[in-house]
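Encoded as structure tokens, the structure appears first; notes follow it.
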Amino acid sequence: MIAQNKGKLAVYWAASCGGCEIAILAIDEKILDVSKHFDIVFWPCATDGKVRDVEKMADGSIDVCLFNGGIRTSEQEYMARLLRRKSKVLVAFGSCASEGCIPGLANLSNRKEIFHTVYHETPSTENPKGVEPQHVTDVPEGKLYLPVFYDTLFTLDQVVDVDYYLPGCPPEAERIWDAITAILENKLPPKGAVIGANTTVCDECPRKRTEKKIRKFYRTWEIIPDEETCLLEQGLVCAGVATRAGCGAKCPKVNSPCIGCYGVNDGVVDFGARLMSALASVIDSDAPEEIDRIIREGIPDPAGTFYRFSLAHSLLRRKKKVPDEE
Amino acid sequence: MAEETFEPKIVGFLCNWCSYRAADLAGTARIKYPPNVRIIRVMCSGRVDPAFVLKALSLGADGVMIAGCHPGECHYIEQNYKAMRRYHMLKHTLRALGLEEDRIRLVWASAAEGQQLAEHIEEFVDDVRKLGPLHWPSNFQENGERWHAVEALAQEHAESLEVL
């Protein structure tokens with residue numbers, strides 16, 4: 001009787017840290033409201049369910065699937081395709097699924113280099129035989145398979161069709177609740193939309209802003225910024241100018257620059273390009289050599305600074321591969 | 001197989017007030033320069049969003065040229081300085097992404113400098129030709145192993161469903 005009009009909810013994770021799963025629980029007691037309206041049919045992190053159970057469901061029988069994490073292996077791609085088929089609404093939940101996030105920074109490397117670091121170089125690794133995971137292993141009983149590890153991390157929408165995006169690393173509890181409410185009340189925006197605000201972090205930031213003129217970029221450990229002035233005006237690389245609002249400017253409020261986890265606003269194709277453009281404009285110099293020096297000294301890791309959360313979903317997606325890596 | 005010279009595809013963003021007119025002048029003066037540059041007219045070099053350059057590269061351009069008025073002569077007072085700052089920022093980032101420096105170039109050419117613009121283009125095309133094709137989209141294509149593995153997994157799961 002209770003379950004009369006209950007929807008079906010699935011939550012899945014692929015290449016992610018697990019923070020998104022915890023973020024769902026950060027809606028606190030409202031999770032009870034969620035369970036009042038939804039049957040949780042699949043959520044490996046929180047409930048006991050098997051892939052086979054999902055495979056047995058009719059196509060489109062899951063009402064909403066919150067999918068967090070990027071696509072790094074063939075198994076994750078299989079799950080993404082499976083859940084796409086079984087779900088009416090597929091939400092790319094969190095930064096990894098939407099933009100690649102930190103796992104996407106592995107696109108500055110490739111499978112070979114990653115395996116080398118993980119299975120040979122790390123100080124805690126003891127691997128005298130130099131074993132690396134193989135896709136196929138022959139054993140007396142037959143062949144054993146492991147998922148194929150990709151060279152490039154893909155975002156969810158580079159692999160399957162995505163209905164909505166919920167940005168953030170992780171998404172704020174209030175925004176998750178907004179999204180759930182929108183789903184429950186059937187007030188969803190048009191397909192393909194990001195569920196969230198469409199202004200920048202600067203609009204939520206209480207700091208005082210005047211004219212921005214930078215002659216030196218500082219790294220966070222080099223200065224203690226004053227608590228009232230705009231962090232970018234003080235020379236810190238604050239990504240708030242390029243980042244979607246929704247977090248309440250949490251980082252700038254505690255004297256730490258925005259690092260851009262909420263991604264771009266609607267209509268912007270490349271987060272890094274947006275931030276590069278904004279930062280370059282405030283450099284207070286007209287001499288090419290000096291401009292170059294200010295940039296090189298102040299931003300030693302441009303890829304990690306401009307694409308910390310969005311490399312996999314940027315226009316270039318990854319570092320250039322060297323031909324013999326094929 | 002006949003060895004063909006590699007002809008780079010280059011996108012050129014030329015500002016309306018100086019460089020595009022320089023290109024016009026080169027045309028009317030019948031100055032020859034390589035046809036590799038696909039010219040896009042923009043109102044100002046300061047209009048060139050780094051995203052334009054990245055998009056051109058991501059869609060298969062081998063190089064991108066940005067051309068504007070000489071510093072101090074911008075029709076919009078100082079926007080070409082912004083172009084210069086963005087160019088250095090972009091170059092810094094592209095280096096980190098493994099791109100050769102010579103694949104993007106910022107040049108200045110006034111409306112009277114058809115000859116200079118032609119020389120800049122010639123030089124740039126030569127430099128990019130030496131670097132060879134970029135073909136960025138092939139960077140994130142996985143090999144056939146990917147499709148095979150996903151299909152094999154799907155098949156295996158489908159078969160095990162039949163058992164029960």
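The way I read the labels, and the way they are meant: chains A, B, ... in the order of the structure tokens, residue 1 as the first residue of every chain, and ligand 1 as the first ligand shown, with later ones counted on from there.
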Requested in this report: Would you kindly return, as an MDAnalysis selection string, each protein, DNA or RNA residue with an atom no farther than 10 Å from any atom of A:Ile214, considering only C-alpha atoms and excluding same-chain residues fewer than 3 positions away?
Outcome: chainID A and resid 211 217:218 232:236 279:285 294
Report task. Starting from chain B, keep only residues with some atom at most 6 Å from an atom of chain A, counting only C-alpha atoms, and report them as a list in words. Result -> Pro50, Ala51, Ser58, Lys82, Arg85, Arg86, His88, Thr93, Leu97, Gly98, Asn139 and Val150 of chain B
Can you write just those residues out, C-alpha atoms, as a PDB file, in the first residue's frame?
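That gives us result.pdb:
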ATOM      1  CA  PRO B  50      41.485  30.916 -25.691  1.00  0.00           C
ATOM      2  CA  ALA B  51      38.575  28.517 -26.235  1.00  0.00           C
ATOM      3  CA  SER B  58      40.722  19.868 -30.851  1.00  0.00           C
ATOM      4  CA  LYS B  82      44.881  41.441 -23.626  1.00  0.00           C
ATOM      5  CA  ARG B  85      48.549  38.223 -22.211  1.00  0.00           C
ATOM      6  CA  ARG B  86      46.088  35.488 -23.119  1.00  0.00           C
ATOM      7  CA  HIS B  88      51.246  33.791 -23.211  1.00  0.00           C
ATOM      8  CA  THR B  93      49.155  25.740 -20.647  1.00  0.00           C
ATOM      9  CA  LEU B  97      49.616  19.511 -22.343  1.00  0.00           C
ATOM     10  CA  GLY B  98      52.462  18.386 -24.557  1.00  0.00           C
ATOM     11  CA  ASN B 139      44.708  11.344 -28.807  1.00  0.00           C
ATOM     12  CA  VAL B 150      32.850  -4.074 -23.267  1.00  0.00           C
TER      13      VAL B 150
END
Query raised in the report: Which is closest to A:Lys6 among A:Val159, A:Cys261, A:Leu184, A:Ala80, if we use only C-alpha atoms?
Result: A:Leu184
Query - Å distance separating atom CA of A:Pro133 from atom CA of A:Ala106, one decimal place - result: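 A separation of 17.7 Å between them.
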Query - Option closest in space to B:Asp102, from B:Val128, B:Ile40, B:Leu117, B:Ala23 [counting only C-alpha atoms] - result: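 Nearest candidate to B:Asp102 out of B:Val128, B:Ile40, B:Leu117, B:Ala23: B:Val128.
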Report task. State, in Å with one decimal place, the distance from atom CA of A:Lys88 to atom CA of A:Ser61. Result ->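 Straight-line distance from atom CA of A:Lys88 to atom CA of A:Ser61 works out to 7.0 Å.
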**Report entry** Distance query B:Ala67 at most 6 Å, only C-alpha atoms, self and fewer than 4 positions along chain excluded, as a ChimeraX atom specification
**Finding:** /B:14,19,106-108
Report task. Give me the residues within 10 Å of B:Ile31 as a list in words, counting only C-alpha atoms and dropping any in the same chain fewer than 3 places off. Result ->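 Using only C-alpha atoms, the neighbours found are Ala23, Leu25, Ala26, Gly27, Thr28, Gly114, Gln115, Leu117, Ala118 and Glu119 of chain B.
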Pull N, CA and C atoms from the residues just selected and write them as a PDB file, in the first residue's frame.
ATOM      1  N   ALA B  23      45.844  41.367 -45.054  1.00  0.00           N
ATOM      2  CA  ALA B  23      45.615  40.213 -45.928  1.00  0.00           C
ATOM      3  C   ALA B  23      44.946  40.655 -47.227  1.00  0.00           C
ATOM      4  N   LEU B  25      45.248  43.595 -48.553  1.00  0.00           N
ATOM      5  CA  LEU B  25      46.280  44.316 -49.293  1.00  0.00           C
ATOM      6  C   LEU B  25      47.200  43.337 -50.015  1.00  0.00           C
ATOM      7  N   ALA B  26      47.575  42.272 -49.290  1.00  0.00           N
ATOM      8  CA  ALA B  26      48.417  41.255 -49.907  1.00  0.00           C
ATOM      9  C   ALA B  26      47.726  40.700 -51.148  1.00  0.00           C
ATOM     10  N   GLY B  27      46.413  40.544 -51.051  1.00  0.00           N
ATOM     11  CA  GLY B  27      45.640  40.043 -52.184  1.00  0.00           C
ATOM     12  C   GLY B  27      45.655  40.994 -53.367  1.00  0.00           C
ATOM     13  N   THR B  28      45.326  42.264 -53.112  1.00  0.00           N
ATOM     14  CA  THR B  28      45.272  43.224 -54.218  1.00  0.00           C
ATOM     15  C   THR B  28      46.653  43.481 -54.793  1.00  0.00           C
ATOM     16  N   GLY B 114      50.894  44.231 -45.818  1.00  0.00           N
ATOM     17  CA  GLY B 114      50.529  43.021 -46.547  1.00  0.00           C
ATOM     18  C   GLY B 114      51.729  42.114 -46.744  1.00  0.00           C
ATOM     19  N   GLN B 115      52.820  42.707 -47.096  1.00  0.00           N
ATOM     20  CA  GLN B 115      54.049  41.953 -47.327  1.00  0.00           C
ATOM     21  C   GLN B 115      54.508  41.232 -46.042  1.00  0.00           C
ATOM     22  N   LEU B 117      52.711  40.465 -43.406  1.00  0.00           N
ATOM     23  CA  LEU B 117      51.772  39.404 -43.022  1.00  0.00           C
ATOM     24  C   LEU B 117      52.040  38.146 -43.847  1.00  0.00           C
ATOM     25  N   ALA B 118      52.250  38.329 -45.143  1.00  0.00           N
ATOM     26  CA  ALA B 118      52.536  37.187 -46.018  1.00  0.00           C
ATOM     27  C   ALA B 118      53.795  36.455 -45.541  1.00  0.00           C
ATOM     28  N   GLU B 119      54.791  37.230 -45.123  1.00  0.00           N
ATOM     29  CA  GLU B 119      56.033  36.607 -44.631  1.00  0.00           C
ATOM     30  C   GLU B 119      55.794  35.844 -43.331  1.00  0.00           C
TER      31      GLU B 119
END
Query raised in the report: Got a sec: who's within 10 Å of B:Ala61, counting only C-alpha atoms, leaving out chain neighbours fewer than 5 positions off, as a list in words?
Result: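 The residues that qualify are Pro8, Lys9, Ile10, Val11, Val37, Arg38, Val53, Leu54, Lys55, Ala56, Arg103, Pro133, Leu134, His135 and Trp136 of chain B.
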Just to be explicit: take each residue in the selection above, keep N, CA and C atoms, and write the result as an mmCIF file, in the first residue's frame.
data_model
loop_
_atom_site.group_PDB
_atom_site.id
_atom_site.type_symbol
_atom_site.label_atom_id
_atom_site.label_comp_id
_atom_site.auth_asym_id
_atom_site.auth_seq_id
_atom_site.Cartn_x
_atom_site.Cartn_y
_atom_site.Cartn_z
ATOM 1 N N PRO B 8 50.007 21.523 -43.693
ATOM 2 C CA PRO B 8 49.309 21.768 -42.431
ATOM 3 C C PRO B 8 48.012 22.562 -42.622
ATOM 4 N N LYS B 9 47.042 22.232 -41.769
ATOM 5 C CA LYS B 9 45.804 23.018 -41.732
ATOM 6 C C LYS B 9 45.972 24.034 -40.618
ATOM 7 N N ILE B 10 45.860 25.304 -40.993
ATOM 8 C CA ILE B 10 46.068 26.342 -39.999
ATOM 9 C C ILE B 10 44.864 27.274 -39.962
ATOM 10 N N VAL B 11 44.424 27.588 -38.737
ATOM 11 C CA VAL B 11 43.334 28.545 -38.587
ATOM 12 C C VAL B 11 43.948 29.876 -38.185
ATOM 13 N N VAL B 37 46.496 28.721 -44.526
ATOM 14 C CA VAL B 37 45.798 29.405 -43.446
ATOM 15 C C VAL B 37 44.346 29.667 -43.823
ATOM 16 N N ARG B 38 43.432 29.162 -42.989
ATOM 17 C CA ARG B 38 42.002 29.456 -43.147
ATOM 18 C C ARG B 38 41.724 30.664 -42.273
ATOM 19 N N VAL B 53 40.952 28.942 -29.838
ATOM 20 C CA VAL B 53 42.205 28.295 -30.226
ATOM 21 C C VAL B 53 42.151 26.808 -29.867
ATOM 22 N N LEU B 54 41.691 26.534 -28.646
ATOM 23 C CA LEU B 54 41.609 25.141 -28.209
ATOM 24 C C LEU B 54 40.641 24.361 -29.093
ATOM 25 N N LYS B 55 39.544 25.000 -29.457
ATOM 26 C CA LYS B 55 38.554 24.305 -30.284
ATOM 27 C C LYS B 55 39.141 23.979 -31.662
ATOM 28 N N ALA B 56 39.841 24.945 -32.225
ATOM 29 C CA ALA B 56 40.457 24.700 -33.532
ATOM 30 C C ALA B 56 41.409 23.509 -33.450
ATOM 31 N N ARG B 103 53.106 25.695 -32.496
ATOM 32 C CA ARG B 103 51.788 25.461 -33.087
ATOM 33 C C ARG B 103 50.841 26.636 -32.916
ATOM 34 N N PRO B 133 51.814 16.577 -38.635
ATOM 35 C CA PRO B 133 50.387 16.692 -38.282
ATOM 36 C C PRO B 133 50.158 16.575 -36.778
ATOM 37 N N LEU B 134 49.128 17.247 -36.297
ATOM 38 C CA LEU B 134 48.794 17.167 -34.879
ATOM 39 C C LEU B 134 47.707 16.127 -34.652
ATOM 40 N N HIS B 135 46.675 16.202 -35.450
ATOM 41 C CA HIS B 135 45.531 15.292 -35.393
ATOM 42 C C HIS B 135 45.117 14.968 -33.966
ATOM 43 N N TRP B 136 44.651 15.987 -33.262
ATOM 44 C CA TRP B 136 44.352 15.852 -31.839
ATOM 45 C C TRP B 136 43.298 14.791 -31.514
#
Report task. Could you jot down the atom CA of A:Ile195 to atom CA of A:Gly240 separation for me, Å, one decimal place? Result ->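 Distance between the two atoms: 18.7 Å.
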Query - Non-local contacts of B:Cys18 (7 Å; only C-alpha atoms; under 5 positions in same chain excluded) as an MDAnalysis selection string - result: chainID B and resid 68:69 109:111
Go ahead and write the selection's residues with C-alpha atoms as a tab-separated table (two decimals), in the first residue's frame.
chain	number	residue	atom	x	y	z
B	68	GLY	CA	46.28	41.94	-34.60
B	69	CYS	CA	47.28	45.57	-34.75
B	109	ALA	CA	50.50	43.36	-38.91
B	110	SER	CA	49.12	46.81	-39.67
B	111	ALA	CA	46.77	47.49	-42.58
Requested in this report: Determine the nearest neighbour of B:Glu7 from the options B:Ala158, B:Ala112, B:Val125, B:Cys74, counting only C-alpha atoms.
Outcome: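 When distances to B:Glu7 are compared using only C-alpha atoms, the smallest one comes from B:Val125.
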Query raised in the report: Smallest atom-to-atom distance to A:Gly70: which of A:Ala249, A:Val160, A:Val136, A:Ile24, using only C-alpha atoms?
Result: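 For A:Gly70, the nearest of the candidates is A:Val160.
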Report task. Write out as a VMD selection string all residues of stretch 19-164 of chain B that backbone DSSP assigns to helix (DSSP H, G or I). Result -> chain B and resid 19 to 28 45 to 47 50 to 58 79 to 96 101 to 103 114 to 131 136 to 140 145 to 163
Query raised in the report: Neighbours of A:Asn198 within 9 Å (only C-alpha atoms; same-chain residues fewer than 3 positions away dropped), as a list in words?
Result: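 Within the cut-off, the hits are Val194, Arg244, Ala245, Gly246, Val264, Asn265 and Asp266 of chain A.
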Could you please take those selected residues and save C-alpha atoms as a PDB file, in the first residue's frame?
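Ended up saving to part-v4.pdb:
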ATOM      1  CA  VAL A 194      22.881  21.420 -15.200  1.00  0.00           C
ATOM      2  CA  ARG A 244      29.470  28.099 -11.259  1.00  0.00           C
ATOM      3  CA  ALA A 245      27.857  29.220  -8.036  1.00  0.00           C
ATOM      4  CA  GLY A 246      26.101  26.782  -5.758  1.00  0.00           C
ATOM      5  CA  VAL A 264      31.527  26.126 -15.818  1.00  0.00           C
ATOM      6  CA  ASN A 265      28.341  28.060 -16.262  1.00  0.00           C
ATOM      7  CA  ASP A 266      25.928  27.378 -19.095  1.00  0.00           C
TER       8      ASP A 266
END
